[in-house]
file target38.tsv (TSV, C-alpha atoms)
chain	number	residue	atom	x	y	z
A	1	MET	CA	-6.85	-7.34	-24.77
A	2	GLY	CA	-3.66	-9.32	-24.65
A	3	TRP	CA	-0.60	-7.45	-23.45
A	4	VAL	CA	-1.39	-4.04	-21.98
A	5	LEU	CA	1.32	-1.60	-20.98
A	6	GLN	CA	0.73	-0.96	-17.31
A	7	SER	CA	3.63	1.35	-16.55
A	8	GLU	CA	7.12	2.47	-17.41
A	9	ILE	CA	9.62	2.87	-14.62
A	10	THR	CA	12.58	5.11	-15.34
A	11	GLU	CA	13.50	6.21	-11.84
A	12	PRO	CA	14.41	4.02	-8.87
A	13	THR	CA	12.14	4.17	-5.85
A	14	THR	CA	15.08	4.88	-3.60
A	15	SER	CA	18.78	4.98	-4.39
A	16	THR	CA	18.92	1.22	-4.12
A	17	THR	CA	15.43	-0.12	-4.82
A	18	ILE	CA	12.90	-0.25	-7.63
A	19	ASP	CA	9.26	-0.93	-6.84
A	20	ILE	CA	7.13	-2.53	-9.54
A	21	PRO	CA	3.39	-2.44	-8.82
A	22	LEU	CA	1.40	-5.28	-10.37
A	23	THR	CA	-2.05	-3.79	-10.30
A	24	THR	CA	-3.80	-4.17	-13.62
A	25	SER	CA	-7.39	-5.25	-13.16
A	26	GLY	CA	-8.08	-8.67	-14.61
A	27	ALA	CA	-4.46	-9.49	-15.40
A	28	ILE	CA	-3.36	-13.10	-15.18
A	29	ALA	CA	0.35	-12.49	-15.75
A	30	TYR	CA	2.94	-9.75	-16.20
A	31	ARG	CA	5.98	-9.21	-18.36
A	32	ILE	CA	8.84	-6.90	-17.48
A	33	ASP	CA	11.16	-5.72	-20.23
A	34	GLY	CA	14.02	-3.32	-20.04
A	35	PHE	CA	17.36	-2.80	-18.42
A	36	LEU	CA	18.97	-1.96	-15.11
A	37	LEU	CA	22.29	-0.26	-14.47
A	38	ARG	CA	24.15	0.11	-11.19
A	39	ASP	CA	26.82	2.56	-10.27
A	40	ASN	CA	30.47	1.72	-10.56
A	41	VAL	CA	31.12	1.20	-6.88
A	42	GLY	CA	32.25	-1.92	-5.15
A	43	SER	CA	32.27	-5.38	-6.57
A	44	LEU	CA	29.74	-7.86	-7.88
A	45	VAL	CA	26.11	-7.98	-6.97
A	46	ASN	CA	22.95	-9.94	-7.46
A	47	TRP	CA	19.74	-8.25	-8.47
A	48	VAL	CA	17.08	-9.81	-6.29
A	49	GLY	CA	13.46	-9.27	-5.45
A	50	ARG	CA	10.77	-9.51	-2.81
A	51	VAL	CA	7.04	-9.40	-3.12
A	52	THR	CA	4.43	-7.25	-1.46
A	53	THR	CA	0.84	-8.12	-0.71
A	54	ASP	CA	-0.15	-4.68	0.58
A	55	GLY	CA	1.01	-2.21	-2.02
A	56	PHE	CA	4.54	-1.79	-0.62
A	57	SER	CA	3.50	-0.92	2.92
A	58	SER	CA	5.66	-3.93	3.60
A	59	VAL	CA	7.58	-6.51	1.61
A	60	ASP	CA	7.87	-10.14	2.54
A	61	SER	CA	11.40	-10.70	3.88
A	62	SER	CA	10.75	-14.06	5.47
A	63	THR	CA	12.58	-17.18	4.33
A	64	ILE	CA	9.91	-17.96	1.77
A	65	TYR	CA	11.56	-17.78	-1.65
A	66	THR	CA	13.06	-20.44	-3.90
A	67	THR	CA	15.06	-19.76	-7.05
A	68	LEU	CA	16.28	-22.17	-9.71
A	69	SER	CA	18.97	-20.73	-11.94
A	70	SER	CA	21.32	-21.75	-14.71
A	71	TYR	CA	23.73	-20.05	-17.07
A	72	SER	CA	24.74	-19.99	-20.70
A	73	THR	CA	28.41	-20.21	-19.79
A	74	SER	CA	28.19	-23.07	-17.33
A	75	THR	CA	26.59	-26.44	-16.94
A	76	GLU	CA	25.91	-25.58	-13.34
A	77	ALA	CA	22.34	-25.47	-12.14
A	78	ARG	CA	21.45	-24.07	-8.77
A	79	GLN	CA	18.62	-24.21	-6.35
A	80	ASN	CA	18.49	-21.55	-3.67
A	81	GLY	CA	15.74	-22.36	-1.23
A	82	ASN	CA	14.66	-20.80	2.01
A	83	LEU	CA	16.09	-17.40	1.21
A	84	THR	CA	14.63	-14.03	2.07
A	85	TYR	CA	14.56	-12.94	-1.57
A	86	PHE	CA	14.34	-14.43	-5.02
A	87	ASN	CA	17.02	-13.96	-7.63
A	88	PHE	CA	15.53	-11.68	-10.24
A	89	VAL	CA	18.77	-11.64	-12.18
A	90	ASN	CA	21.02	-14.18	-10.69
A	91	ASP	CA	24.68	-13.93	-9.91
A	92	ALA	CA	27.26	-11.25	-10.21
A	93	VAL	CA	27.15	-8.38	-12.62
A	94	ASN	CA	30.32	-6.49	-13.20
A	95	ALA	CA	30.53	-2.91	-12.14
A	96	THR	CA	29.89	-0.86	-15.24
A	97	GLN	CA	28.26	-3.04	-17.83
A	98	GLY	CA	24.91	-3.51	-16.18
A	99	ILE	CA	22.34	-5.97	-17.36
A	100	ALA	CA	19.48	-6.17	-19.77
A	101	GLY	CA	16.65	-7.95	-18.04
A	102	GLU	CA	14.75	-9.12	-21.02
A	103	PHE	CA	11.38	-10.78	-20.68
A	104	HIS	CA	10.76	-11.51	-17.07
A	105	TYR	CA	7.38	-13.13	-16.57
A	106	ILE	CA	5.26	-13.44	-13.46
A	107	TRP	CA	2.58	-16.09	-13.48
A	108	PHE	CA	-0.80	-15.61	-11.83
A	109	PRO	CA	0.22	-13.26	-9.01
A	110	HIS	CA	-3.37	-12.30	-8.20
A	111	GLU	CA	-4.67	-15.84	-7.90
A	112	SER	CA	-5.07	-16.54	-4.20
A	113	GLY	CA	-4.60	-20.23	-3.53
A	114	LEU	CA	-1.65	-20.39	-5.92
A	115	ARG	CA	1.98	-19.74	-5.28
A	116	THR	CA	3.23	-16.84	-7.39
A	117	ARG	CA	5.95	-18.00	-9.74
A	118	GLY	CA	8.23	-16.16	-12.12
A	119	PHE	CA	10.55	-16.82	-15.00
A	120	GLY	CA	13.22	-14.78	-16.71
A	121	ILE	CA	16.00	-14.98	-19.23
A	122	CYS	CA	18.36	-12.13	-18.60
A	123	GLY	CA	21.49	-11.10	-20.38
A	124	GLY	CA	24.45	-9.78	-18.46
A	125	GLU	CA	27.50	-8.04	-19.81
A	126	GLU	CA	30.70	-9.15	-18.21
A	127	GLU	CA	34.10	-7.71	-19.01
A	128	THR	CA	34.99	-10.31	-21.55
A	129	PHE	CA	31.81	-12.08	-22.50
A	130	TYR	CA	28.07	-11.92	-22.63
A	131	GLU	CA	26.16	-14.40	-20.55
A	132	PHE	CA	22.50	-15.08	-20.19
A	133	ARG	CA	20.94	-16.47	-17.12
A	134	LYS	CA	17.73	-18.37	-16.78
A	135	VAL	CA	15.88	-18.14	-13.51
A	136	HIS	CA	12.66	-19.54	-12.16
A	137	TRP	CA	11.48	-18.43	-8.76
A	138	GLU	CA	8.65	-19.04	-6.38
A	139	HIS	CA	7.07	-17.24	-3.46
A	140	ARG	CA	5.97	-20.09	-1.24
A	141	SER	CA	2.75	-18.53	-0.11
A	142	LEU	CA	-0.80	-18.91	-1.38
A	143	THR	CA	-1.50	-15.21	-0.84
A	144	ALA	CA	-2.02	-12.99	-3.89
A	145	ILE	CA	0.63	-10.34	-4.43
A	146	ASN	CA	0.42	-6.87	-5.96
A	147	GLY	CA	4.00	-5.81	-6.42
A	148	ILE	CA	7.69	-6.65	-6.58
A	149	ARG	CA	10.61	-4.76	-5.10
A	150	ILE	CA	13.94	-5.15	-6.86
A	151	PHE	CA	17.18	-4.40	-5.06
A	152	MET	CA	20.79	-5.53	-4.97
A	153	ILE	CA	22.66	-7.56	-2.45
A	154	GLN	CA	26.32	-7.22	-1.75
A	155	THR	CA	28.55	-7.51	1.26
A	156	GLY	CA	28.62	-4.09	2.86
A	157	SER	CA	26.66	-1.24	1.35
A	158	PRO	CA	24.92	-2.06	-1.90
A	159	PRO	CA	25.64	0.11	-4.91
A	160	SER	CA	23.04	2.55	-6.11
A	161	VAL	CA	20.70	2.09	-9.03
A	162	GLU	CA	22.23	4.34	-11.64
A	163	GLU	CA	19.64	3.90	-14.32
A	164	CYS	CA	16.58	1.85	-15.02
A	165	ASP	CA	14.10	1.65	-17.83
A	166	LEU	CA	11.52	-1.03	-17.28
A	167	LYS	CA	8.30	-1.60	-19.16
A	168	VAL	CA	5.65	-3.50	-17.23
A	169	TYR	CA	3.03	-5.26	-19.35
A	170	ALA	CA	-0.04	-7.02	-18.03
A	171	LEU	CA	-1.62	-9.97	-19.81
A	172	VAL	CA	-5.38	-9.47	-19.75
A	173	PRO	CA	-7.69	-12.22	-21.02
A	174	SER	CA	-10.59	-10.14	-22.26
B	1	MET	CA	15.73	-4.78	-38.93
B	2	GLY	CA	15.48	-1.29	-37.57
B	3	SER	CA	16.49	-0.32	-34.11
B	4	MET	CA	14.28	-1.46	-31.26
B	5	THR	CA	12.20	1.22	-29.63
B	6	PHE	CA	10.59	1.34	-26.19
B	7	ALA	CA	8.15	4.15	-26.98
B	8	PRO	CA	5.49	5.42	-27.41
B	9	CYS	CA	2.87	3.00	-26.10
B	10	THR	CA	1.08	4.61	-23.18
B	11	PRO	CA	-0.03	3.01	-19.92
B	12	GLY	CA	-3.34	1.25	-20.24
B	13	GLU	CA	-3.03	0.94	-23.98
B	14	GLU	CA	-3.15	-2.41	-25.65
B	15	TRP	CA	0.21	-3.48	-27.03
B	16	THR	CA	0.36	-3.48	-30.81
B	17	ALA	CA	3.30	-3.15	-33.10
B	18	ALA	CA	1.64	-0.15	-34.65
B	19	ALA	CA	1.05	1.68	-31.39
B	20	CYS	CA	4.12	0.66	-29.45
B	21	GLU	CA	6.91	0.19	-31.94
B	22	GLY	CA	6.33	3.07	-34.26
B	23	GLY	CA	3.91	1.75	-36.84
B	24	SER	CA	5.79	-0.47	-39.22
B	25	GLY	CA	8.27	-1.06	-36.42
B	26	GLY	CA	11.58	-2.76	-36.69
B	27	SER	CA	10.18	-5.91	-38.22
B	28	GLY	CA	8.18	-4.37	-40.99
B	29	ALA	CA	4.89	-5.31	-39.40
B	30	SER	CA	1.80	-3.56	-40.61
B	31	ALA	CA	-0.86	-1.98	-38.44
B	32	GLY	CA	-2.54	-4.51	-36.21
B	33	SER	CA	0.10	-7.16	-36.58
B	34	GLY	CA	2.11	-8.43	-33.69
B	35	SER	CA	-0.72	-8.20	-31.19
B	36	LEU	CA	-1.48	-11.01	-28.82
B	37	VAL	CA	-5.25	-11.33	-28.76
B	38	PHE	CA	-7.29	-13.15	-26.16
B	39	ILE	CA	-9.34	-15.96	-27.70
B	40	SER	CA	-10.82	-18.17	-25.00
B	41	SER	CA	-10.39	-19.63	-21.55
B	42	ALA	CA	-11.20	-22.92	-19.89
B	43	THR	CA	-11.57	-23.20	-16.14
B	44	GLY	CA	-12.96	-25.98	-14.03
B	45	SER	CA	-12.16	-29.04	-11.99
B	46	GLY	CA	-12.47	-32.78	-12.28
B	47	ASP	CA	-12.17	-33.05	-16.07
B	48	ALA	CA	-10.03	-35.65	-17.81
B	49	THR	CA	-8.97	-33.27	-20.58
B	50	VAL	CA	-8.91	-29.56	-21.37
B	51	GLU	CA	-9.48	-28.86	-25.04
B	52	MET	CA	-9.23	-25.56	-26.89
B	53	ALA	CA	-9.96	-24.75	-30.53
B	54	LEU	CA	-7.38	-22.78	-32.53
B	55	PRO	CA	-9.45	-20.51	-34.76
B	56	GLY	CA	-7.97	-19.34	-38.04
B	57	GLY	CA	-6.57	-15.90	-38.58
B	58	TYR	CA	-3.56	-16.13	-36.30
B	59	ILE	CA	-0.01	-17.12	-37.10
B	60	ALA	CA	0.78	-18.52	-33.65
B	61	TYR	CA	-0.82	-19.06	-30.26
B	62	GLU	CA	0.08	-18.80	-26.61
B	63	VAL	CA	-1.51	-20.71	-23.77
B	64	TRP	CA	-1.04	-19.54	-20.19
B	65	TYR	CA	-2.18	-22.00	-17.60
B	66	TRP	CA	-2.16	-23.32	-14.09
B	67	THR	CA	-3.42	-26.74	-13.17
B	68	PHE	CA	-3.25	-29.40	-10.49
B	69	PRO	CA	-3.56	-33.12	-11.10
B	70	GLU	CA	-6.36	-34.69	-9.16
B	71	ASP	CA	-3.96	-37.49	-8.21
B	72	ASP	CA	-0.41	-37.09	-6.99
B	73	ASP	CA	2.68	-37.54	-9.16
B	74	ARG	CA	1.33	-36.98	-12.66
B	75	HIS	CA	2.82	-35.82	-15.97
B	76	LEU	CA	1.16	-33.09	-18.05
B	77	TYR	CA	0.77	-33.85	-21.76
B	78	LEU	CA	-0.17	-31.89	-24.87
B	79	ARG	CA	-1.79	-33.31	-28.01
B	80	PHE	CA	-3.04	-31.88	-31.31
B	81	SER	CA	-6.17	-32.32	-33.40
B	82	THR	CA	-6.66	-31.81	-37.12
B	83	ASP	CA	-10.41	-32.39	-37.18
B	84	GLY	CA	-11.67	-29.59	-35.01
B	85	GLY	CA	-11.20	-31.46	-31.76
B	86	SER	CA	-13.22	-34.55	-32.65
B	87	THR	CA	-10.07	-36.63	-32.11
B	88	PHE	CA	-6.58	-35.89	-30.80
B	89	ASP	CA	-3.66	-37.69	-32.34
B	90	SER	CA	-2.23	-40.32	-30.01
B	91	SER	CA	-0.69	-42.50	-32.66
B	92	THR	CA	2.77	-43.95	-32.36
B	93	ALA	CA	5.42	-41.45	-33.45
B	94	ALA	CA	2.89	-38.68	-33.91
B	95	TYR	CA	5.21	-36.29	-32.11
B	96	GLN	CA	8.84	-35.52	-31.44
B	97	LYS	CA	9.52	-34.03	-28.03
B	98	GLY	CA	12.30	-32.84	-25.81
B	99	ASN	CA	12.95	-30.92	-22.66
B	100	ALA	CA	15.57	-28.94	-20.85
B	101	ASP	CA	14.66	-29.41	-17.25
B	102	HIS	CA	15.98	-28.12	-14.00
B	103	ILE	CA	14.95	-30.09	-10.97
B	104	GLY	CA	16.39	-29.05	-7.66
B	105	ALA	CA	20.11	-28.49	-8.16
B	106	SER	CA	20.47	-30.58	-11.28
B	107	SER	CA	19.62	-30.11	-14.93
B	108	GLU	CA	19.30	-32.48	-17.83
B	109	PHE	CA	18.21	-32.59	-21.43
B	110	TYR	CA	16.47	-35.22	-23.46
B	111	GLN	CA	14.87	-35.72	-26.83
B	112	THR	CA	12.53	-38.44	-27.99
B	113	ASN	CA	11.92	-38.84	-31.70
B	114	SER	CA	8.89	-41.04	-31.39
B	115	ALA	CA	6.22	-40.03	-28.95
B	116	THR	CA	2.47	-40.13	-28.53
B	117	VAL	CA	2.39	-36.86	-26.59
B	118	ILE	CA	4.47	-33.73	-26.00
B	119	THR	CA	5.30	-33.74	-22.31
B	120	GLN	CA	5.06	-30.37	-20.58
B	121	SER	CA	5.91	-31.19	-16.99
B	122	TRP	CA	6.22	-34.31	-14.91
B	123	ASN	CA	5.90	-35.77	-11.44
B	124	VAL	CA	3.59	-32.91	-10.54
B	125	GLY	CA	2.22	-32.94	-7.01
B	126	ASN	CA	-1.43	-32.36	-6.25
B	127	LEU	CA	-1.20	-30.30	-3.07
B	128	SER	CA	-2.21	-26.63	-3.08
B	129	SER	CA	1.46	-25.77	-2.65
B	130	GLU	CA	2.38	-27.84	-5.71
B	131	GLY	CA	0.70	-28.00	-9.12
B	132	VAL	CA	2.15	-26.39	-12.23
B	133	GLN	CA	2.06	-23.01	-13.93
B	134	GLY	CA	3.22	-22.62	-17.47
B	135	ARG	CA	3.04	-21.20	-20.92
B	136	ASN	CA	3.11	-22.76	-24.37
B	137	ARG	CA	3.73	-21.18	-27.74
B	138	ILE	CA	2.35	-23.01	-30.75
B	139	TRP	CA	3.95	-21.98	-34.00
B	140	PHE	CA	2.21	-21.84	-37.39
B	141	PRO	CA	-0.33	-24.60	-36.79
B	142	HIS	CA	-2.38	-23.64	-39.84
B	143	GLU	CA	0.51	-23.66	-42.29
B	144	ALA	CA	1.47	-26.73	-44.32
B	145	VAL	CA	4.49	-27.28	-42.13
B	146	ARG	CA	5.04	-29.35	-39.02
B	147	THR	CA	3.52	-27.53	-36.09
B	148	ARG	CA	6.11	-26.84	-33.44
B	149	VAL	CA	5.66	-25.89	-29.83
B	150	ASP	CA	7.81	-24.70	-27.00
B	151	GLY	CA	7.02	-23.85	-23.45
B	152	ASN	CA	8.04	-22.99	-19.99
B	153	ALA	CA	6.69	-24.40	-16.78
B	154	PHE	CA	7.41	-24.37	-13.07
B	155	ASN	CA	6.01	-26.99	-10.77
B	156	ARG	CA	6.41	-28.61	-7.43
B	157	GLN	CA	6.84	-32.31	-7.73
B	158	ASP	CA	5.23	-34.92	-5.56
B	159	ASN	CA	8.43	-35.18	-3.52
B	160	GLY	CA	8.46	-31.42	-2.94
B	161	ASN	CA	11.23	-30.61	-5.41
B	162	ALA	CA	11.03	-27.32	-7.25
B	163	ALA	CA	11.19	-28.08	-10.96
B	164	ALA	CA	11.46	-25.89	-14.05
B	165	PHE	CA	10.87	-27.20	-17.55
B	166	LEU	CA	11.54	-25.86	-21.02
B	167	PRO	CA	9.61	-28.34	-23.13
B	168	PHE	CA	9.67	-28.35	-26.90
B	169	GLY	CA	8.28	-30.59	-29.58
B	170	ARG	CA	6.71	-30.92	-32.95
B	171	TYR	CA	3.84	-32.66	-34.65
B	172	ASN	CA	5.16	-35.01	-37.29
B	173	SER	CA	2.29	-34.23	-39.63
B	174	THR	CA	1.99	-31.10	-41.74
B	175	ALA	CA	-1.80	-31.11	-41.48
B	176	ASP	CA	-3.62	-28.03	-40.20
B	177	VAL	CA	-3.75	-28.22	-36.41
B	178	ASP	CA	-7.00	-26.67	-35.25
B	179	ALA	CA	-7.35	-27.77	-31.62
B	180	ILE	CA	-5.16	-28.70	-28.67
B	181	GLN	CA	-5.68	-30.91	-25.66
B	182	TYR	CA	-4.05	-30.94	-22.22
B	183	LEU	CA	-4.26	-34.12	-20.19
B	184	TRP	CA	-2.43	-35.92	-17.42
B	185	ASN	CA	-0.81	-39.28	-17.98
B	186	SER	CA	-3.67	-40.67	-15.93
B	187	GLY	CA	-6.49	-39.25	-13.89
B	188	ASN	CA	-8.29	-35.95	-14.08
B	189	HIS	CA	-7.35	-32.35	-13.77
B	190	GLY	CA	-8.03	-30.97	-10.34
B	191	ASP	CA	-8.63	-27.22	-10.32
B	192	TYR	CA	-7.36	-25.60	-13.51
B	193	ALA	CA	-7.42	-22.48	-15.66
B	194	PHE	CA	-6.16	-22.24	-19.23
B	195	TYR	CA	-6.10	-19.03	-21.29
B	196	LEU	CA	-5.60	-19.05	-25.06
B	197	PHE	CA	-4.22	-16.07	-27.01
B	198	GLY	CA	-3.55	-15.68	-30.72
B	199	LEU	CA	-0.72	-13.79	-32.35
B	200	GLU	CA	-1.92	-11.66	-35.22
B	201	GLY	CA	0.07	-11.71	-38.41
B	202	ALA	CA	0.23	-9.03	-41.06
B	203	THR	CA	-3.16	-7.59	-41.88
call {"tool": "encode", "arguments": {"input": "target38.tsv", "output": "structure tokens"}}
result
Amino acid sequence: MGWVLQSEITEPTTSTTIDIPLTTSGAIAYRIDGFLLRDNVGSLVNWVGRVTTDGFSSVDSSTIYTTLSSYSTSTEARQNGNLTYFNFVNDAVNATQGIAGEFHYIWFPHESGLRTRGFGICGGEEETFYEFRKVHWEHRSLTAINGIRIFMIQTGSPPSVEECDLKVYALVPS
Amino acid sequence: MGSMTFAPCTPGEEWTAAACEGGSGGSGASAGSGSLVFISSATGSGDATVEMALPGGYIAYEVWYWTFPEDDDRHLYLRFSTDGGSTFDSSTAAYQKGNADHIGASSEFYQTNSATVITQSWNVGNLSSEGVQGRNRIWFPHEAVRTRVDGNAFNRQDNGNAAAFLPFGRYNSTADVDAIQYLWNSGNHGDYAFYLFGLEGAT
């Protein structure tokens, strides 16, 4: 079947979170296309994520995520280990420009006995330039997952999700 | 190109340019083109190589995989065949390869113009918490041009480092590539699963 559109998400789950179920039968991987916008409140944020293994009854907030990230505008490479989230779109996004999270992939989330790993190249509009960010992340558990929760982190109250339009595709080998 | 559209493919529907990007779409694709079609899979354990045929009728291919080396600290290699998988080219300077890698908090780039393999990932650990997951795209292997490949992989190395790789390379021959082979620099695959998809061209 190849890529199958599983769902389109155009409304945040709450004012500050977006839940992305990964529930296509037989899928080996997922691809998330689309864009996210935040409201114009406060300063810079990171878009980050956590995984769920029980359909969002809970999300794993233990220190179990590792993210590798690098940037088109810098030679810097980062490793953020032992955090309670992974960096879905890493580093600050300025208040009004939002980001286009293009092509985020999740490898083998339903394969128990494997760590779920993800990869994304995401473009971010800053005030004076366009930057893309490459991230790889890992959930250091061998438990299969069935969803991802995206949210923002910021000192104080996080801004709200103003707009989202995400397409979730499942890769089905049949 | 026309403007990109996000409609009107519906949930559960197979992605095709015709169904999901408005027929001829922004790229001028005809009905049926642009689809990624499942071809074959290879799963197992304890094999020295994983080999997959590239049937005709597709313009490019994607391989999605996870694999563990049976032995610790191994490098994952890719090779091509032009005789249906009877042999895989390991001659000197058969390939050009490179990589943009990100290991821990450092990154580096390299290119080698004369290689016997296209390296996908290296120093891969063999524990259940390690291994490698990745994807390769193989471009125009059936055309009379040099077959090129890129990829993306994430592994845990034998020393526990998280490591991301963006490998790329080419086959220095313009012969029709009709099979691929994944192997470690030595030793067998432990548990593995490889899934091959083909990208349909204009029909």
call {"tool": "interface_residues", "arguments": {"input": "target38.tsv", "of": "chain A", "to": "chain B", "cutoff": "10 Å", "atoms": "all atoms listed in the file", "output": "count of residues only"}}
result
51
call {"tool": "closest_residue", "arguments": {"input": "target38.tsv", "among": "B:Thr147, B:Thr87, B:Ser186, B:Gln120", "to": "B:Asp47", "atoms": "only C-alpha atoms"}}
result
B:Ser186
call {"tool": "atom_distance", "arguments": {"input": "target38.tsv", "atom1": "atom CA of B:Thr119", "atom2": "atom CA of B:Gly201"}}
result
27.8 Å
call {"tool": "atom_distance", "arguments": {"input": "target38.tsv", "atom1": "atom CA of B:Gly56", "atom2": "atom CA of B:Gln181"}}
result
17.1 Å
call {"tool": "atom_distance", "arguments": {"input": "target38.tsv", "atom1": "atom CA of A:Thr63", "atom2": "atom CA of A:Phe86"}}
result
9.9 Å
